[in-house]
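Student: Sharing my_file.tsv here; it has TSV, C-alpha atoms.
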chain	number	residue	atom	x	y	z
R	1	MET	CA	89.87	-9.11	-15.93
R	2	SER	CA	88.89	-9.07	-19.57
R	3	LEU	CA	86.98	-6.25	-21.12
R	4	ARG	CA	84.02	-8.60	-21.40
R	5	ASN	CA	83.93	-9.25	-17.66
R	6	VAL	CA	84.25	-5.57	-16.81
R	7	THR	CA	81.20	-4.78	-18.90
R	8	ALA	CA	79.15	-7.47	-17.21
R	9	ALA	CA	80.18	-6.33	-13.73
R	10	VAL	CA	79.20	-2.75	-14.41
R	11	LEU	CA	75.82	-3.75	-15.68
R	12	LEU	CA	75.03	-6.04	-12.79
R	13	SER	CA	76.03	-3.36	-10.34
R	14	ALA	CA	73.64	-0.95	-11.96
R	15	VAL	CA	70.81	-3.45	-11.73
R	16	ALA	CA	71.51	-4.04	-8.06
R	17	SER	CA	71.48	-0.37	-7.15
R	18	THR	CA	68.16	0.32	-8.85
R	19	ALA	CA	66.51	-2.76	-7.41
R	20	SER	CA	66.78	-1.38	-3.89
R	21	ALA	CA	64.65	1.65	-4.85
R	22	GLN	CA	62.15	-0.29	-6.91
R	23	ARG	CA	58.58	-0.80	-5.92
R	24	VAL	CA	57.20	-4.28	-5.64
R	25	GLN	CA	53.59	-4.90	-6.49
R	26	LEU	CA	51.82	-6.48	-3.55
R	27	ASP	CA	49.48	-9.41	-3.79
R	28	ASP	CA	46.06	-8.30	-2.54
R	29	THR	CA	44.20	-11.50	-3.33
R	30	LEU	CA	43.85	-12.12	0.40
R	31	SER	CA	41.13	-9.45	0.41
R	32	PRO	CA	37.74	-11.01	1.15
R	33	VAL	CA	35.95	-9.35	-1.77
R	34	ASP	CA	37.65	-8.50	-5.02
R	35	THR	CA	35.02	-6.91	-7.26
R	36	PHE	CA	32.74	-4.04	-6.31
R	37	GLN	CA	29.96	-2.43	-8.30
R	38	ILE	CA	29.97	1.34	-8.12
R	39	PRO	CA	27.05	3.05	-9.83
R	40	LEU	CA	27.66	6.60	-10.91
R	41	ALA	CA	25.03	9.28	-10.53
R	42	TRP	CA	24.60	12.99	-10.38
R	43	SER	CA	24.06	14.26	-6.87
R	44	ALA	CA	20.79	16.03	-6.11
R	45	GLY	CA	22.62	19.31	-5.92
R	46	VAL	CA	23.82	19.16	-9.53
R	47	MET	CA	20.97	17.21	-11.10
R	48	ARG	CA	19.31	20.31	-12.53
R	49	GLN	CA	22.60	21.41	-13.99
R	50	ALA	CA	22.95	17.99	-15.61
R	51	VAL	CA	19.45	18.20	-17.06
R	52	ALA	CA	20.16	21.66	-18.43
R	53	ALA	CA	23.35	20.46	-20.14
R	54	LEU	CA	21.68	17.38	-21.59
R	55	LEU	CA	18.67	19.38	-22.75
R	56	ALA	CA	21.07	21.63	-24.58
R	57	ASN	CA	22.54	18.46	-26.15
R	58	ALA	CA	25.87	19.37	-24.57
R	59	PRO	CA	26.72	16.28	-22.47
R	60	GLY	CA	30.31	17.45	-22.17
R	61	ALA	CA	29.05	20.35	-20.08
R	62	ALA	CA	27.24	18.07	-17.65
R	63	PRO	CA	28.61	18.19	-14.10
R	64	GLN	CA	30.77	15.56	-12.49
R	65	LEU	CA	29.32	12.09	-11.90
R	66	ALA	CA	30.11	10.41	-8.61
R	67	GLY	CA	29.80	7.07	-6.87
R	68	HIS	CA	31.23	5.49	-3.77
R	69	ILE	CA	31.74	2.22	-1.95
R	70	ASP	CA	32.41	1.88	1.76
R	71	ASN	CA	34.05	-0.75	3.95
R	72	VAL	CA	36.34	-2.23	1.34
R	73	GLU	CA	38.74	-4.45	3.25
R	74	VAL	CA	42.12	-4.66	1.57
R	75	ARG	CA	44.55	-7.31	2.76
R	76	LEU	CA	48.06	-7.10	1.39
R	77	ASP	CA	50.59	-9.92	1.46
R	78	THR	CA	53.61	-8.36	3.18
R	79	ARG	CA	55.23	-11.52	4.54
R	80	ASP	CA	58.51	-10.81	2.74
R	81	PHE	CA	58.86	-7.41	4.38
R	82	VAL	CA	58.05	-8.00	8.05
R	83	GLY	CA	60.19	-5.84	10.32
R	84	GLN	CA	61.23	-3.50	7.55
R	85	SER	CA	60.31	0.13	7.07
R	86	ALA	CA	58.39	0.65	3.90
R	87	ARG	CA	56.10	2.86	1.93
R	88	ILE	CA	53.01	1.49	0.24
R	89	TYR	CA	51.48	3.28	-2.71
R	90	LEU	CA	48.10	2.97	-4.39
R	91	THR	CA	48.47	3.16	-8.16
R	92	LEU	CA	46.02	3.44	-11.01
R	93	PRO	CA	46.95	2.19	-14.49
R	94	ALA	CA	47.49	4.96	-17.01
R	95	THR	CA	44.89	3.58	-19.39
R	96	ILE	CA	41.46	2.28	-18.48
R	97	ALA	CA	39.61	0.23	-21.07
R	98	GLY	CA	36.27	1.73	-21.96
R	99	LEU	CA	37.15	5.20	-20.74
R	100	SER	CA	37.94	7.53	-23.61
R	101	SER	CA	39.52	10.20	-21.46
R	102	PRO	CA	41.16	8.64	-18.38
R	103	THR	CA	42.22	12.00	-16.99
R	104	ASP	CA	38.56	12.71	-16.28
R	105	LEU	CA	38.58	10.01	-13.60
R	106	GLU	CA	39.57	10.50	-9.99
R	107	LEU	CA	39.67	7.79	-7.34
R	108	GLN	CA	39.54	9.20	-3.82
R	109	TRP	CA	39.65	7.30	-0.56
R	110	ASP	CA	39.35	7.57	3.15
R	111	VAL	CA	40.93	4.77	5.14
R	112	THR	CA	41.50	3.46	8.61
R	113	SER	CA	44.67	4.53	10.41
R	114	PRO	CA	47.61	4.19	10.02
R	115	PHE	CA	46.85	4.26	6.32
R	116	ILE	CA	46.64	7.69	4.68
R	117	PRO	CA	43.66	9.10	2.77
R	118	GLY	CA	44.26	10.50	-0.68
R	119	ALA	CA	43.29	10.54	-4.33
R	120	VAL	CA	44.78	9.50	-7.66
R	121	ARG	CA	44.03	9.82	-11.33
R	122	PRO	CA	45.04	7.24	-13.94
R	123	GLY	CA	48.80	6.95	-14.25
R	124	GLN	CA	49.40	8.33	-10.77
R	125	SER	CA	50.61	6.77	-7.52
R	126	MET	CA	49.81	8.06	-4.06
R	127	LEU	CA	51.33	7.13	-0.72
R	128	VAL	CA	48.86	5.22	1.48
R	129	PHE	CA	51.16	3.85	4.16
R	130	GLU	CA	54.55	4.65	5.61
R	131	GLY	CA	56.02	2.80	8.55
R	132	SER	CA	57.18	-0.53	9.79
R	133	ILE	CA	55.62	-3.65	8.34
R	134	SER	CA	54.47	-5.50	11.43
R	135	GLY	CA	52.84	-8.59	10.02
R	136	ALA	CA	52.61	-11.00	7.14
R	137	VAL	CA	49.32	-9.37	6.21
R	138	THR	CA	48.82	-5.62	6.22
R	139	SER	CA	45.19	-4.66	6.06
R	140	ALA	CA	42.92	-1.64	6.15
R	141	PHE	CA	39.33	-0.66	5.44
R	142	PHE	CA	38.87	1.82	2.62
R	143	SER	CA	35.96	3.99	1.59
R	144	PHE	CA	36.42	4.73	-2.10
R	145	ALA	CA	34.79	7.51	-4.08
R	146	VAL	CA	34.90	7.66	-7.87
R	147	ARG	CA	34.41	10.98	-9.60
R	148	LEU	CA	34.16	11.35	-13.34
R	149	ASP	CA	34.23	14.59	-15.28
R	150	ARG	CA	32.33	14.62	-18.57
R	151	GLY	CA	30.93	11.18	-17.86
R	152	ALA	CA	27.49	11.64	-19.36
R	153	GLU	CA	28.43	9.61	-22.44
R	154	THR	CA	30.41	6.92	-20.62
R	155	ASP	CA	29.62	3.22	-20.67
R	156	THR	CA	30.38	0.81	-17.84
R	157	PHE	CA	34.10	0.31	-17.30
R	158	ASP	CA	36.47	-1.32	-14.82
R	159	VAL	CA	39.04	0.35	-12.61
R	160	GLU	CA	41.75	-1.85	-11.10
R	161	PRO	CA	43.94	-0.07	-8.57
R	162	TYR	CA	46.92	-1.94	-7.20
R	163	TYR	CA	49.36	-1.56	-4.34
R	164	GLU	CA	53.11	-1.24	-4.52
R	165	LEU	CA	55.67	-1.45	-1.71
R	166	GLU	CA	58.95	0.36	-1.53
R	167	ILE	CA	61.53	-0.43	1.14
R	168	ILE	CA	62.84	2.59	3.02
R	169	PRO	CA	66.63	2.20	3.10
Y	1	MET	CA	84.53	-5.71	-31.30
Y	2	ALA	CA	84.74	-8.31	-28.56
Y	3	ALA	CA	83.41	-5.86	-25.97
Y	4	TRP	CA	80.41	-5.04	-28.10
Y	5	ALA	CA	79.51	-8.72	-28.49
Y	6	SER	CA	79.79	-9.21	-24.76
Y	7	PHE	CA	77.56	-6.23	-24.08
Y	8	VAL	CA	74.88	-7.64	-26.32
Y	9	MET	CA	75.01	-10.95	-24.56
Y	10	VAL	CA	74.67	-9.40	-21.11
Y	11	VAL	CA	71.77	-7.29	-22.17
Y	12	GLY	CA	70.16	-10.41	-23.49
Y	13	ARG	CA	70.40	-12.03	-20.07
Y	14	LEU	CA	69.16	-8.92	-18.39
Y	15	THR	CA	66.11	-8.93	-20.60
Y	16	LEU	CA	65.44	-12.51	-19.70
Y	17	LEU	CA	65.72	-11.76	-15.99
Y	18	LEU	CA	63.31	-8.87	-16.23
Y	19	PHE	CA	60.89	-10.99	-18.17
Y	20	LEU	CA	60.90	-13.65	-15.51
Y	21	PHE	CA	60.39	-11.01	-12.85
Y	22	ALA	CA	57.36	-9.71	-14.72
Y	23	VAL	CA	55.84	-13.16	-14.92
Y	24	ALA	CA	56.33	-13.60	-11.19
Y	25	THR	CA	54.62	-10.29	-10.29
Y	26	PRO	CA	51.78	-10.96	-7.82
Y	27	SER	CA	48.31	-10.68	-9.19
Y	28	HIS	CA	46.01	-8.09	-7.77
Y	29	ALA	CA	42.37	-8.62	-7.09
Y	30	LEU	CA	40.73	-5.29	-6.43
Y	31	ARG	CA	38.39	-4.25	-9.19
Y	32	PHE	CA	35.73	-1.56	-9.35
Y	33	SER	CA	33.09	-2.05	-11.97
Y	34	ILE	CA	31.90	1.48	-12.60
Y	35	ALA	CA	28.34	1.62	-13.89
Y	36	ALA	CA	27.16	4.48	-16.06
Y	37	ALA	CA	24.60	6.89	-14.67
Y	38	PRO	CA	21.11	5.36	-14.51
Y	39	PRO	CA	18.54	6.22	-17.18
Y	40	PHE	CA	15.90	8.82	-16.56
Y	41	VAL	CA	13.45	11.08	-18.32
Y	42	TYR	CA	12.76	14.70	-17.61
Y	43	ILE	CA	9.71	16.61	-18.75
Y	44	GLN	CA	8.81	20.21	-18.16
Y	45	VAL	CA	5.64	21.81	-19.50
Y	46	GLY	CA	5.58	25.51	-18.83
Y	47	THR	CA	7.87	27.53	-16.65
Y	48	GLY	CA	9.64	25.68	-13.91
Y	49	ASP	CA	12.75	24.59	-12.14
Y	50	LEU	CA	15.19	25.16	-14.95
Y	51	ALA	CA	14.57	28.87	-15.04
Y	52	THR	CA	17.82	29.44	-13.21
Y	53	TYR	CA	19.70	27.94	-16.13
Y	54	GLY	CA	18.36	30.46	-18.60
Y	55	LEU	CA	16.12	28.07	-20.44
Y	56	PHE	CA	12.78	29.45	-19.45
Y	57	GLY	CA	11.05	32.36	-17.83
Y	58	GLY	CA	10.34	32.98	-14.19
Y	59	PRO	CA	10.18	29.97	-11.92
Y	60	SER	CA	6.77	28.72	-10.94
Y	61	SER	CA	5.47	25.97	-8.73
Y	62	GLN	CA	1.97	26.13	-10.12
Y	63	VAL	CA	0.39	24.74	-13.26
Y	64	ASP	CA	0.80	27.27	-16.03
Y	65	GLU	CA	-2.37	28.52	-17.68
Y	66	VAL	CA	-2.99	29.58	-21.27
Y	67	SER	CA	-5.88	31.99	-21.80
Y	68	PHE	CA	-8.08	32.53	-24.87
Y	69	PRO	CA	-10.19	35.64	-24.25
Y	70	ILE	CA	-12.62	36.19	-27.12
Y	71	PRO	CA	-11.84	39.62	-28.51
Y	72	ALA	CA	-14.43	42.19	-29.50
Y	73	GLY	CA	-15.83	41.57	-32.96
Y	74	VAL	CA	-15.37	37.82	-32.79
Y	75	THR	CA	-18.43	35.65	-32.37
Y	76	ALA	CA	-18.31	32.32	-30.63
Y	77	GLY	CA	-18.31	29.58	-33.22
Y	78	ASP	CA	-17.56	31.78	-36.23
Y	79	GLY	CA	-14.28	30.01	-36.98
Y	80	THR	CA	-12.07	32.97	-36.14
Y	81	GLU	CA	-9.06	31.45	-34.44
Y	82	ILE	CA	-7.96	32.92	-31.12
Y	83	ILE	CA	-4.31	32.74	-30.19
Y	84	GLY	CA	-3.73	31.83	-26.56
Y	85	THR	CA	-1.19	33.47	-24.30
Y	86	PRO	CA	1.43	33.01	-23.09
Y	87	VAL	CA	3.56	30.87	-25.38
Y	88	MET	CA	4.35	27.71	-23.45
Y	89	PRO	CA	7.91	26.36	-23.16
Y	90	ILE	CA	8.16	22.57	-23.18
Y	91	ALA	CA	11.23	20.42	-22.57
Y	92	PHE	CA	11.69	16.68	-23.03
Y	93	LEU	CA	14.85	14.83	-22.06
Y	94	GLY	CA	15.58	11.13	-22.26
Y	95	TYR	CA	18.84	9.82	-20.81
Y	96	SER	CA	19.76	6.21	-21.32
Y	97	GLY	CA	22.14	3.91	-19.51
Y	98	GLY	CA	22.90	2.33	-22.88
Y	99	ASN	CA	23.41	3.88	-26.24
Y	100	GLN	CA	19.79	4.45	-27.08
Y	101	ALA	CA	17.78	7.17	-25.41
Y	102	ASN	CA	14.24	5.95	-26.13
Y	103	TYR	CA	11.25	7.83	-24.94
Y	104	GLN	CA	7.65	8.48	-25.83
Y	105	VAL	CA	5.40	11.39	-24.97
Y	106	THR	CA	1.61	11.16	-24.82
Y	107	ILE	CA	-1.13	13.66	-23.99
Y	108	ASP	CA	-4.30	13.27	-21.96
Y	109	SER	CA	-6.88	15.86	-23.02
Y	110	SER	CA	-9.92	13.77	-22.17
Y	111	SER	CA	-11.26	16.04	-19.44
Y	112	GLY	CA	-12.33	18.80	-21.77
Y	113	LEU	CA	-12.90	22.46	-20.88
Y	114	ILE	CA	-15.63	22.76	-18.25
Y	115	SER	CA	-17.59	25.87	-17.34
Y	116	GLU	CA	-18.97	27.00	-14.00
Y	117	ASN	CA	-22.29	25.53	-15.18
Y	118	ASN	CA	-20.62	22.22	-16.07
Y	119	ASP	CA	-20.94	22.80	-19.77
Y	120	VAL	CA	-18.12	21.26	-21.76
Y	121	ILE	CA	-16.04	22.34	-24.73
Y	122	PRO	CA	-13.94	19.47	-26.05
Y	123	LEU	CA	-10.21	20.15	-26.00
Y	124	SER	CA	-10.14	19.16	-29.65
Y	125	GLN	CA	-11.08	22.80	-30.19
Y	126	ILE	CA	-7.46	23.64	-29.43
Y	127	ARG	CA	-4.49	23.11	-31.73
Y	128	TRP	CA	-0.90	24.22	-31.42
Y	129	THR	CA	2.08	25.31	-33.45
Y	130	THR	CA	5.71	25.08	-32.38
Y	131	GLN	CA	8.53	27.53	-32.72
Y	132	ASP	CA	11.33	25.18	-33.74
Y	133	GLY	CA	9.54	22.09	-35.02
Y	134	ASP	CA	11.39	19.93	-32.49
Y	135	ILE	CA	7.96	19.09	-31.15
Y	136	PRO	CA	5.43	18.55	-33.92
Y	137	GLY	CA	2.44	20.82	-34.27
Y	138	GLY	CA	-0.93	19.22	-33.73
Y	139	GLN	CA	-4.38	19.32	-32.21
Y	140	PHE	CA	-5.77	17.75	-29.06
Y	141	THR	CA	-7.95	14.74	-29.81
Y	142	GLY	CA	-9.73	14.43	-26.50
Y	143	SER	CA	-8.03	11.07	-26.02
Y	144	PRO	CA	-6.48	10.06	-22.71
Y	145	ASN	CA	-3.50	8.65	-24.58
Y	146	GLN	CA	-2.75	10.82	-27.61
Y	147	PHE	CA	0.63	10.14	-29.14
Y	148	LEU	CA	2.80	13.23	-29.43
Y	149	GLN	CA	6.36	12.14	-30.03
Y	150	GLN	CA	8.73	9.21	-29.81
Y	151	TYR	CA	12.50	9.16	-29.99
Y	152	ASN	CA	14.41	5.95	-30.58
Y	153	LEU	CA	17.52	6.75	-32.56
Y	154	ARG	CA	20.36	4.41	-31.66
Y	155	GLY	CA	23.81	5.66	-30.82
Y	156	ARG	CA	22.94	8.55	-28.58
Y	157	ARG	CA	22.82	8.32	-24.83
Y	158	SER	CA	20.74	11.42	-24.37
Y	159	ARG	CA	18.22	13.35	-26.36
Y	160	GLY	CA	16.91	16.72	-25.26
Y	161	ILE	CA	14.31	18.99	-26.81
Y	162	VAL	CA	13.28	22.48	-25.87
Y	163	ASP	CA	10.51	24.06	-27.91
Y	164	TYR	CA	7.84	26.71	-27.49
Y	165	LEU	CA	4.18	25.96	-28.19
Y	166	THR	CA	1.55	28.47	-29.21
Y	167	PHE	CA	-1.97	27.19	-28.49
Y	168	ILE	CA	-4.84	28.27	-30.72
Y	169	TYR	CA	-8.58	28.02	-30.02
Y	170	THR	CA	-10.18	27.06	-33.34
Y	171	ASN	CA	-13.61	28.46	-32.37
Y	172	THR	CA	-15.73	26.23	-34.56
Y	173	ILE	CA	-18.52	25.37	-32.09
Y	174	VAL	CA	-21.03	27.53	-30.24
Y	175	PRO	CA	-20.85	26.78	-26.53
Y	176	GLN	CA	-23.02	28.02	-23.71
Y	177	ALA	CA	-21.83	31.32	-22.28
Y	178	GLY	CA	-19.32	31.00	-19.48
Y	179	THR	CA	-15.66	30.71	-18.56
Y	180	TYR	CA	-14.24	27.30	-19.36
Y	181	ARG	CA	-11.21	25.70	-17.78
Y	182	GLY	CA	-9.50	22.39	-18.36
Y	183	ARG	CA	-6.24	20.63	-17.77
Y	184	VAL	CA	-4.04	18.78	-20.23
Y	185	THR	CA	-1.47	16.31	-18.96
Y	186	PHE	CA	1.70	15.35	-20.82
Y	187	THR	CA	3.26	12.00	-19.91
Y	188	MET	CA	6.77	10.95	-20.81
Y	189	THR	CA	7.84	7.33	-20.71
Y	190	LEU	CA	11.31	5.85	-20.98
Y	191	LEU	CA	11.01	2.95	-23.38
What do you get writing this file as C-alpha cells?
Tutor:
Amino acid sequence: MSLRNVTAAVLLSAVASTASAQRVQLDDTLSPVDTFQIPLAWSAGVMRQAVAALLANAPGAAPQLAGHIDNVEVRLDTRDFVGQSARIYLTLPATIAGLSSPTDLELQWDVTSPFIPGAVRPGQSMLVFEGSISGAVTSAFFSFAVRLDRGAETDTFDVEPYYELEIIP
Amino acid sequence: MAAWASFVMVVGRLTLLLFLFAVATPSHALRFSIAAAPPFVYIQVGTGDLATYGLFGGPSSQVDEVSFPIPAGVTAGDGTEIIGTPVMPIAFLGYSGGNQANYQVTIDSSSGLISENNDVIPLSQIRWTTQDGDIPGGQFTGSPNQFLQQYNLRGRRSRGIVDYLTFIYTNTIVPQAGTYRGRVTFTMTLL
C-alpha cells in the first residue's frame, strides 16, 4: 500500500465513524400547517410594570413579552429509520434575523406523549423524543410558548425551529 | 511531498461530499412569525394605579380634586391668582407596534364650574404650569376638544411622559357666591 492510499484510508475511516453519531435533519414538510402567527403581549399581571418601564423611557427594563400557539401538528418523515432506536431533537438556529439579541428568546413547548416537553434558546438543541421509530411518519401535537426578554423595542421576526434525528447505536 | 499532495486531493473530495450532503438536507417547514406587542396608549391624570411603582402618591380609585379656597384678604374678581392644591401628576404613554409612537392628547373643559345654585364659572378661569415642561403649560379654553399635546417623532417605539401640573385660578371675574365644582377630561388617542 502506498503512502497515498494509507492517507485516504485513514480519512475515510474517520468520516465513517463520525457519521454514525451525526444528527440528520428531518423533513417536516408533511405537517399540515407550516407558518403560525404568534402575537407577543404583556400579560395582565405585568402590564403595569411594563407601563412603568416605558413611562420611564426604559424599555429595556420592561418585563418579558409572551405569546403562544396550541395544537401545532408536527409530522416528521422518519421512513429511513423505521425499526431503529433514535433520539429526536428540536433545534433553534443560533441567529434569528430581526432579533438583535437572540439570547433573549426562549421557545418552550408542551407536547403529546411520547414526546418530551422542554425549552430551547437560539443555538440550543433539546431532546423531544427517545425510543423506537415505529412508522414512516412520526407525529405529535405541540403547544408552543414564546418568551422574549427586553422585547419592547422588537419588530416582527421569524423563528424556524427544526428537528434532528440521531440513531442510538 | 507525494503524501502531502495526496492528502490535499482527498480533502478536496471530502469537501465535495459534504457539500452534496448539505444540498440534499431535507427542508423544514415550521415557521413562527412572531409579532411585536400591540400598540396601546396609557393615560393617568392624578394619583392612580402606578403608585406601587414609585411614580406617584397614594393609590386612588376616585377622581382627584384640586381645590382653590379664596384666602382672607383676596376679593373675588380682583385678579389675585389662587394656586390650587394638590399638584397633579399626569402621565402619558404611547406604545407603537411600528417605529413611530404617535399620540395626541386633548382636553374637554366645556362643562365649566357649577355652583349649588347652578351658577357657572367658565373653566377658562384656570390655567396651569408644569414642573418639567414635558407637558406644556396652558389655560383651559372651555372647548370640548382643546389640543394639549401631540407626539409623532419617528424612530421610537414608545414615548412616555410624567409631569406635575399646578393649577391656578386666575380670579378675573366676579361670580355669585357659592362653591363651584367642575370636571375636566383628558383624552389620549393613538394616531
Student: Nearest to Arg127 in chain Y among Y:Ser109, Y:Thr170, Y:Gln104, Y:Ser96, with distances taken over all atoms listed in the file: which residue is it?
Tutor: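 Closest to Arg127 in chain Y of all the choices is Y:Thr170.
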Student: Compare R:Leu55, R:Val146, R:Ala136, R:Leu99 by their minimum atom-to-atom distance to chain Y, counting all atoms listed in the file, and give me the closest one.
Tutor: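 Nearest to chain Y: R:Leu55.
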Student: Which one of Y:Thr85, Y:Asn117, Y:Ser158, Y:Gln44 sits closest to chain R if you count all atoms listed in the file?
Tutor: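 Closest residue, counting all atoms listed in the file: Y:Ser158.
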Student: So how far away is CA of Ala29 in chain Y from CA of Pro114 in chain R, in Å?
Tutor: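 The value is 22.0 Å.
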Student: Could you give me, as a ChimeraX atom specification, the residues that have an atom at most 8 Å away from the point (42.5, 12.8, -12.0) in the coordinates of the file, using all atoms listed in the file?
Tutor: /R:102-107,120-122
Student: What does the file look like for those residues with C-alpha atoms, as a PDB file, keeping the file's coordinate frame?
Tutor:
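Result file is result37.pdb:
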ATOM      1  CA  PRO R 102      41.160   8.640 -18.380  1.00  0.00           C
ATOM      2  CA  THR R 103      42.220  12.000 -16.990  1.00  0.00           C
ATOM      3  CA  ASP R 104      38.560  12.710 -16.280  1.00  0.00           C
ATOM      4  CA  LEU R 105      38.580  10.010 -13.600  1.00  0.00           C
ATOM      5  CA  GLU R 106      39.570  10.500  -9.990  1.00  0.00           C
ATOM      6  CA  LEU R 107      39.670   7.790  -7.340  1.00  0.00           C
ATOM      7  CA  VAL R 120      44.780   9.500  -7.660  1.00  0.00           C
ATOM      8  CA  ARG R 121      44.030   9.820 -11.330  1.00  0.00           C
ATOM      9  CA  PRO R 122      45.040   7.240 -13.940  1.00  0.00           C
TER      10      PRO R 122
END
Student: Using all atoms listed in the file, which residues sit within 9 Å of Glu73 in chain R once same-chain residues fewer than 2 positions away are excluded, as a PDB file with C-alpha atoms, in the frame of the given file?
Tutor:
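Resulting contents of around18.pdb:
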ATOM      1  CA  SER R  31      41.130  -9.450   0.410  1.00  0.00           C
ATOM      2  CA  PRO R  32      37.740 -11.010   1.150  1.00  0.00           C
ATOM      3  CA  VAL R  33      35.950  -9.350  -1.770  1.00  0.00           C
ATOM      4  CA  ASN R  71      34.050  -0.750   3.950  1.00  0.00           C
ATOM      5  CA  ARG R  75      44.550  -7.310   2.760  1.00  0.00           C
ATOM      6  CA  SER R 139      45.190  -4.660   6.060  1.00  0.00           C
ATOM      7  CA  ALA R 140      42.920  -1.640   6.150  1.00  0.00           C
ATOM      8  CA  PHE R 141      39.330  -0.660   5.440  1.00  0.00           C
ATOM      9  CA  PHE R 142      38.870   1.820   2.620  1.00  0.00           C
TER      10      PHE R 142
END
Student: Restricting the calculation to only C-alpha atoms: of R:Ile168, R:Ile96, R:Leu127, R:Ile88, which residue gets closest to chain Y?
Tutor: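 Of all the options, R:Ile96 lies closest to chain Y.
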Student: For chain Y, work out the contacting residues on chain R at 7 Å, counting all atoms listed in the file, and write them as a PyMOL selection string.
Tutor: chain R and resi 3-4+7-8+25-29+34-41+48+52+54-57+153-162
Student: Between CA of Gln100 in chain Y and CA of Phe40 in chain Y, what is the distance, to one decimal in Å?
Tutor: 12.0 Å
Student: What is the distance, in Å and to one decimal place, between CA of Gly131 in chain R and CA of Leu165 in chain R?
Tutor: 11.1 Å
Student: Extract, using all atoms listed in the file, all DNA, RNA and protein residues at most 12 Å from Val46 in chain R, discarding same-chain residues fewer than 6 positions from it, and format them as a list in words.
Tutor: Ala52, Ala53, Ala61, Ala62, Pro63, Gln64, Leu65 and Ala66 of chain R; Leu50 and Tyr53 of chain Y
Student: Taking (52.7, -9.4, 9.7) in the file's own coordinates, collect the residues within 10 Å, counting only C-alpha atoms, and hand them back as a list in words.
Tutor: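 Protein, DNA and RNA residues close to (52.7, -9.4, 9.7): Leu76, Asp77, Thr78, Arg79, Asp80, Phe81, Val82, Gly83, Ser132, Ile133, Ser134, Gly135, Ala136, Val137, Thr138 and Ser139 of chain R.
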Student: For each of Y:Ile82, Y:Ile126, Y:Leu148, Y:Leu113, take the minimum atom-to-atom distance to Tyr180 in chain Y, counting all atoms listed in the file, then give the residue where this is smallest.
Tutor: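 Among the listed residues, Y:Leu113 lies closest to Tyr180 in chain Y.
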Student: Nearest residue to Val45 in chain Y out of Y:Gly178, Y:Pro89, Y:Gly137, Y:Gly112, using only C-alpha atoms?
Tutor: Y:Pro89
